[in-house]
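Asks: Next up, data16.csv (CSV, C-alpha atoms and all ligand atoms).
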```csv
chain,number,residue,atom,x,y,z
A,1,MET,CA,132.2,143.4,-22.9
A,2,SER,CA,134.7,143.6,-20.1
A,3,TYR,CA,137.0,146.5,-20.9
A,4,THR,CA,140.4,147.4,-19.5
A,5,ILE,CA,140.3,151.0,-18.5
A,6,ALA,CA,143.5,152.9,-17.7
A,7,ILE,CA,143.4,156.2,-15.9
A,8,ASP,CA,146.6,158.2,-15.4
A,9,GLY,CA,147.4,161.7,-14.2
A,10,TYR,CA,149.2,163.9,-11.7
A,11,SER,CA,148.9,163.6,-7.9
A,12,ALA,CA,145.6,164.5,-6.4
A,13,CYS,CA,143.9,165.3,-9.7
A,14,GLY,CA,140.8,163.1,-9.1
A,15,LYS,CA,142.0,159.9,-10.8
A,16,SER,CA,141.1,157.6,-8.0
A,17,THR,CA,137.7,159.2,-7.4
A,18,LEU,CA,136.9,158.8,-11.1
A,19,ALA,CA,138.3,155.3,-11.3
A,20,LYS,CA,136.3,154.2,-8.2
A,21,ALA,CA,133.0,155.8,-9.5
A,22,MET,CA,133.4,154.3,-13.0
A,23,ALA,CA,134.3,150.8,-11.6
A,24,ARG,CA,131.2,151.0,-9.4
A,25,GLN,CA,128.9,152.0,-12.3
A,26,LEU,CA,130.3,149.3,-14.6
A,27,GLY,CA,130.6,146.6,-11.9
A,28,TYR,CA,134.3,146.4,-12.6
A,29,ARG,CA,137.2,145.9,-10.2
A,30,PHE,CA,139.1,149.0,-9.2
A,31,ILE,CA,142.8,149.0,-8.6
A,32,ASP,CA,144.6,151.9,-7.0
A,33,THR,CA,148.2,151.3,-8.2
A,34,GLY,CA,149.5,154.3,-6.2
A,35,ALA,CA,148.5,152.4,-3.0
A,36,MET,CA,150.8,149.6,-4.1
A,37,TYR,CA,153.8,151.9,-4.3
A,38,ARG,CA,152.7,153.5,-1.0
A,39,MET,CA,152.7,150.1,0.7
A,40,VAL,CA,156.2,149.4,-0.6
A,41,THR,CA,157.2,152.8,0.8
A,42,LEU,CA,155.7,152.2,4.2
A,43,TYR,CA,157.5,148.8,4.4
A,44,PHE,CA,160.8,150.4,3.5
A,45,LEU,CA,160.3,153.1,6.1
A,46,ARG,CA,159.4,150.6,8.8
A,47,GLU,CA,162.3,148.4,8.0
A,48,ASN,CA,164.7,151.4,7.6
A,49,ILE,CA,165.7,150.3,4.1
A,50,ASP,CA,168.4,152.4,2.4
A,51,ILE,CA,167.0,152.9,-1.1
A,52,ASP,CA,170.4,153.5,-2.5
A,53,ASN,CA,171.4,150.0,-1.6
A,54,ALA,CA,170.2,147.7,-4.4
A,55,GLY,CA,170.8,144.6,-2.3
A,56,ALA,CA,168.7,145.9,0.6
A,57,VAL,CA,165.9,146.9,-1.7
A,58,ALA,CA,165.9,143.5,-3.4
A,59,GLY,CA,165.9,141.7,0.0
A,60,ALA,CA,163.1,143.9,1.3
A,61,LEU,CA,160.9,143.1,-1.7
A,62,GLU,CA,161.3,139.4,-1.0
A,63,GLY,CA,159.6,139.9,2.4
A,64,LEU,CA,156.8,141.9,1.0
A,65,ARG,CA,153.2,141.0,0.0
A,66,VAL,CA,150.8,143.7,-1.2
A,67,ASP,CA,147.1,143.2,-1.8
A,68,PHE,CA,143.7,144.7,-1.4
A,69,VAL,CA,140.8,143.6,0.9
A,70,PRO,CA,138.0,142.3,-1.4
A,71,GLY,CA,135.0,144.6,-1.2
A,72,SER,CA,136.5,147.5,0.8
A,73,ASN,CA,139.6,147.7,-1.4
A,74,HIS,CA,141.7,148.6,1.7
A,75,ALA,CA,145.4,148.3,1.2
A,76,LEU,CA,146.9,145.1,2.7
A,77,LEU,CA,150.6,145.0,3.5
A,78,ASN,CA,151.6,141.4,4.6
A,79,GLY,CA,148.0,140.9,5.7
A,80,GLU,CA,147.8,144.1,7.7
A,81,ASP,CA,145.2,146.8,6.8
A,82,VAL,CA,147.4,149.9,6.2
A,83,GLU,CA,144.8,152.0,4.3
A,84,MET,CA,145.1,155.0,6.7
A,85,GLU,CA,148.9,154.8,7.3
A,86,ILE,CA,149.8,154.8,3.6
A,87,ARG,CA,148.1,158.2,3.1
A,88,GLU,CA,150.1,159.9,5.9
A,89,PRO,CA,152.7,162.6,5.1
A,90,ALA,CA,155.7,160.4,6.0
A,91,VAL,CA,154.7,158.0,3.2
A,92,SER,CA,153.6,160.8,0.7
A,93,GLY,CA,156.9,162.5,1.2
A,94,PHE,CA,159.0,159.4,0.3
A,95,VAL,CA,156.8,157.5,-2.2
A,96,SER,CA,158.1,159.2,-5.4
A,97,PRO,CA,161.8,158.3,-4.9
A,98,VAL,CA,160.7,154.7,-4.1
A,99,ALA,CA,158.5,154.5,-7.1
A,100,ALA,CA,161.4,155.7,-9.3
A,101,ILE,CA,163.4,152.6,-8.4
A,102,SER,CA,163.4,150.2,-11.4
A,103,ALA,CA,163.6,147.1,-9.2
A,104,VAL,CA,160.5,148.3,-7.4
A,105,ARG,CA,158.6,148.8,-10.6
A,106,ARG,CA,159.7,145.4,-12.0
A,107,TRP,CA,158.2,143.9,-8.8
A,108,VAL,CA,154.9,145.8,-8.9
A,109,VAL,CA,154.0,146.0,-12.6
A,110,PRO,CA,153.7,142.2,-13.2
A,111,GLN,CA,151.3,142.0,-10.2
A,112,GLN,CA,149.2,144.8,-11.8
A,113,ARG,CA,149.1,142.9,-15.1
A,114,GLU,CA,148.0,139.8,-13.3
A,115,MET,CA,145.2,141.6,-11.5
A,116,GLY,CA,144.0,143.1,-14.8
A,117,LYS,CA,144.4,140.1,-17.2
A,118,THR,CA,140.8,139.2,-17.2
A,119,GLY,CA,139.6,142.7,-18.1
A,120,GLY,CA,136.6,144.3,-16.3
A,121,ILE,CA,139.0,146.6,-14.5
A,122,VAL,CA,139.6,150.2,-13.9
A,123,MET,CA,143.2,150.9,-12.9
A,124,ASP,CA,144.6,154.3,-12.0
A,125,GLY,CA,148.2,155.4,-11.7
A,126,ARG,CA,150.9,157.1,-13.7
A,127,ASP,CA,152.0,154.5,-16.3
A,128,ILE,CA,148.9,152.4,-16.8
A,129,GLY,CA,148.2,153.5,-20.3
A,130,THR,CA,151.9,153.7,-21.3
A,131,VAL,CA,153.5,150.7,-19.7
A,132,VAL,CA,151.2,148.4,-17.7
A,133,PHE,CA,148.3,148.2,-20.2
A,134,PRO,CA,149.5,149.8,-23.5
A,135,ASP,CA,146.6,148.0,-25.2
A,136,ALA,CA,143.9,149.1,-22.8
A,137,ASP,CA,140.5,149.6,-24.4
A,138,LEU,CA,140.2,153.1,-23.0
A,139,LYS,CA,142.9,155.4,-21.7
A,140,LEU,CA,142.0,158.6,-19.8
A,141,PHE,CA,144.6,161.2,-18.7
A,142,VAL,CA,143.3,163.4,-15.9
A,143,THR,CA,144.5,166.9,-15.1
A,144,ALA,CA,143.4,169.8,-12.9
A,145,SER,CA,145.1,173.0,-11.9
A,146,ILE,CA,147.6,172.9,-9.0
A,147,ASP,CA,145.4,175.2,-6.9
A,148,VAL,CA,142.4,172.9,-7.3
A,149,ARG,CA,144.5,169.8,-6.6
A,150,THR,CA,146.1,171.4,-3.5
A,151,ASP,CA,142.6,172.5,-2.1
A,152,ARG,CA,141.2,169.0,-2.6
A,153,ARG,CA,144.1,167.1,-1.1
A,154,LEU,CA,144.2,169.5,1.9
A,155,ALA,CA,140.4,169.0,2.5
A,156,GLU,CA,140.9,165.2,2.2
A,157,MET,CA,143.7,165.2,4.7
A,158,MET,CA,141.9,167.5,7.2
A,159,ALA,CA,138.8,165.2,7.0
A,160,LYS,CA,141.1,162.3,7.9
A,161,GLY,CA,142.5,164.3,10.8
A,162,VAL,CA,146.1,164.3,9.3
A,163,ALA,CA,148.0,167.3,10.6
A,164,THR,CA,149.4,169.4,7.7
A,165,THR,CA,149.3,172.8,6.1
A,166,ARG,CA,148.3,174.1,2.6
A,167,ALA,CA,152.0,175.0,1.9
A,168,GLU,CA,153.1,171.6,2.9
A,169,VAL,CA,150.5,169.9,0.7
A,170,ALA,CA,151.3,172.2,-2.3
A,171,ALA,CA,155.1,171.5,-1.9
A,172,ASN,CA,154.6,167.8,-1.7
A,173,LEU,CA,152.4,167.7,-4.8
A,174,ALA,CA,154.8,169.9,-6.8
A,175,GLN,CA,157.8,167.8,-5.8
A,176,ARG,CA,156.0,164.5,-6.6
A,177,ASP,CA,154.8,165.8,-10.0
A,178,HIS,CA,158.4,166.7,-10.8
A,179,ILE,CA,159.9,163.4,-9.7
A,180,ASP,CA,157.1,161.3,-11.3
A,181,SER,CA,157.4,163.0,-14.7
A,182,THR,CA,161.2,163.3,-14.9
A,183,ARG,CA,162.2,159.8,-13.7
A,184,ALA,CA,164.0,157.5,-16.2
A,185,ASP,CA,161.8,154.5,-15.7
A,186,SER,CA,158.1,154.8,-16.8
A,187,PRO,CA,157.7,158.6,-16.3
A,188,LEU,CA,154.3,160.1,-16.0
A,189,ARG,CA,153.1,161.2,-19.4
A,190,GLN,CA,150.0,161.1,-21.5
A,191,ALA,CA,149.8,158.1,-23.9
A,192,GLU,CA,149.3,159.2,-27.5
A,193,ASP,CA,145.9,157.5,-27.6
A,194,ALA,CA,144.7,158.8,-24.2
A,195,ILE,CA,141.8,161.2,-23.9
A,196,LEU,CA,142.5,164.3,-21.8
A,197,LEU,CA,140.0,165.1,-19.1
A,198,ASP,CA,140.6,168.4,-17.3
A,199,ASN,CA,138.3,168.6,-14.3
A,200,SER,CA,139.4,172.0,-12.9
A,201,ASN,CA,136.0,173.5,-13.7
A,202,LEU,CA,133.8,170.4,-13.5
A,203,SER,CA,131.6,169.3,-10.7
A,204,LEU,CA,132.1,165.7,-9.6
A,205,GLY,CA,129.0,164.6,-11.4
A,206,GLU,CA,130.1,166.2,-14.7
A,207,PHE,CA,133.6,164.7,-14.3
A,208,ILE,CA,132.3,161.2,-13.8
A,209,ALA,CA,129.8,161.6,-16.7
A,210,ALA,CA,132.6,162.7,-19.0
A,211,GLY,CA,134.5,159.5,-18.1
A,212,MET,CA,131.5,157.3,-18.6
A,213,ALA,CA,130.7,159.0,-21.9
A,214,GLU,CA,134.0,157.7,-23.2
A,215,VAL,CA,133.1,154.2,-22.2
A,216,GLU,CA,129.8,154.4,-24.0
A,217,LYS,CA,131.6,155.5,-27.2
A,218,LEU,CA,133.5,152.2,-27.1
A,219,SER,CA,130.4,150.1,-27.8
A,220,ALA,CA,128.7,152.7,-30.0
B,1,LIG,O1,148.4,158.1,-6.9
B,1,LIG,P1,149.2,158.3,-5.6
B,1,LIG,O2,149.4,159.7,-5.2
B,1,LIG,O3,148.7,157.5,-4.5
B,1,LIG,O4,150.6,157.7,-6.0
B,1,LIG,C1,151.7,157.6,-5.1
B,1,LIG,C2,153.0,157.6,-5.8
B,1,LIG,O5,153.2,156.4,-6.5
B,1,LIG,C3,153.2,158.7,-6.9
B,1,LIG,O6,154.0,159.8,-6.4
B,1,LIG,C4,153.9,158.1,-8.0
B,1,LIG,C5,153.8,156.6,-7.8
B,1,LIG,N1,153.1,155.9,-8.8
B,1,LIG,C6,153.7,155.4,-9.9
B,1,LIG,O7,154.9,155.7,-10.0
B,1,LIG,N2,153.1,154.7,-10.8
B,1,LIG,C7,151.8,154.3,-10.6
B,1,LIG,N3,151.2,153.6,-11.5
B,1,LIG,C8,151.1,154.8,-9.5
B,1,LIG,C9,151.7,155.6,-8.6
```
Let me see whether you can do it: turn the structure in this file into structure tokens.
Ligand code: DC
Replies:
Amino acid sequence: MSYTIAIDGYSACGKSTLAKAMARQLGYRFIDTGAMYRMVTLYFLRENIDIDNAGAVAGALEGLRVDFVPGSNHALLNGEDVEMEIREPAVSGFVSPVAAISAVRRWVVPQQREMGKTGGIVMDGRDIGTVVFPDADLKLFVTASIDVRTDRRLAEMMAKGVATTRAEVAANLAQRDHIDSTRADSPLRQAEDAILLDNSNLSLGEFIAAGMAEVEKLSA
């Protein structure tokens, strides 16, 4: 069987780590949908797009192509590898308002559906189980405490050499959670048929095993 697996949750809760590990173990394709919104955001920043100007947003989307490098899964913006740049604070600080724009979501979501139409995919994001693939074979909703999420994101950014502070990281996470879960279009929420995985007190191995156990139940 080639399942479609949807993983949603708050910022920096471990969704991508879980999605990547599950995709590797299953031999599936992994799609980081947050990277797609981050690429749009980076392009808007570079081109100085006024996001309150619908015409400017529509025009910018016409000049934009987002993809992933096969194998490495690095984010590709108009053919340029922007994997590092899309994780920087300038993009993290602006991505939630960009992702709240319906025109942006109407442009991104069909591409996600196209990428996943053959199954054999693990896709992580905010609206995968609710909007992109409401009929996914398995839906996981991941959470972790804000302290755990802040520590993890801070460690990640320091390892990458991005200059930031714990307070800045915590403020960005809280602000993004708020915008992502209160926006009108496709807000972050747990689908009714999603399984909740709280990894605040789980090791990485236990967390991945919990996700894989849910896949095993599908064919049991
Ligand atoms: O997962 P991430 O932190 O890289 O996501 C970046 C932003 O993109 C996040 O603040 C909300 C938005 N996003 C979204 O609206 N829908 C998705 N499916 C994935 C991400």
Asks: With 12 Å as the cut-off and only C-alpha atoms counted, what is the closest atom pair between each nearby residue of segment 83-120 of chain A and segment 136-145 of chain A? Distances in Å to one decimal, ordered by chain and number, as a Markdown table.
Replies:
```
| residue | atom | partner | partner_atom | distance |
| --- | --- | --- | --- | --- |
| A:Arg113 | CA | A:Ala136 | CA | 11.2 |
| A:Gly116 | CA | A:Ala136 | CA | 10.0 |
| A:Lys117 | CA | A:Ala136 | CA | 10.6 |
| A:Thr118 | CA | A:Ala136 | CA | 11.8 |
| A:Gly119 | CA | A:Ala136 | CA | 9.0 |
| A:Gly120 | CA | A:Asp137 | CA | 10.4 |
```
Asks: Go through A:Leu154, A:Met1, A:Ile208, A:Ala100 and flag the residue nearest Gln25 of chain A, using all atoms listed in the file for the distances.
Replies: A:Ile208
Asks: Using all atoms listed in the file, which of A:Gln111, A:Ala170, A:Lys160, A:Asp127 sits nearest Glu85 of chain A?
Replies: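 Looking at the shortest contact to Glu85 of chain A, the residue is A:Lys160.
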Asks: Just checking: using all atoms listed in the file, which residue out of A:Asn201, A:Ser181, A:Thr150, A:Ser102 ends up closest to Ala54 of chain A?
Replies: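 Ranked by minimum distance to Ala54 of chain A, first place goes to A:Ser102.
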Asks: What does the list of residues within 7 Å of ligand LIG 1 (chain B) look like if you count all atoms listed in the file, written as a ChimeraX atom specification?
Replies: /A:11-12,33-35,37-38,92,95-96,99-100,124-128,176,180
Asks: Just how far from atom CA of Gly93 of chain A is atom CA of Gly161 of chain A, in Å to one decimal?
Replies: 17.4 Å
Asks: Would you compute the distance between atom CA of Ser72 of chain A and atom CA of Val108 of chain A? Give it in Å to one decimal.
Replies: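 Atom CA of Val108 of chain A lies at a distance of 20.9 Å from atom CA of Ser72 of chain A.
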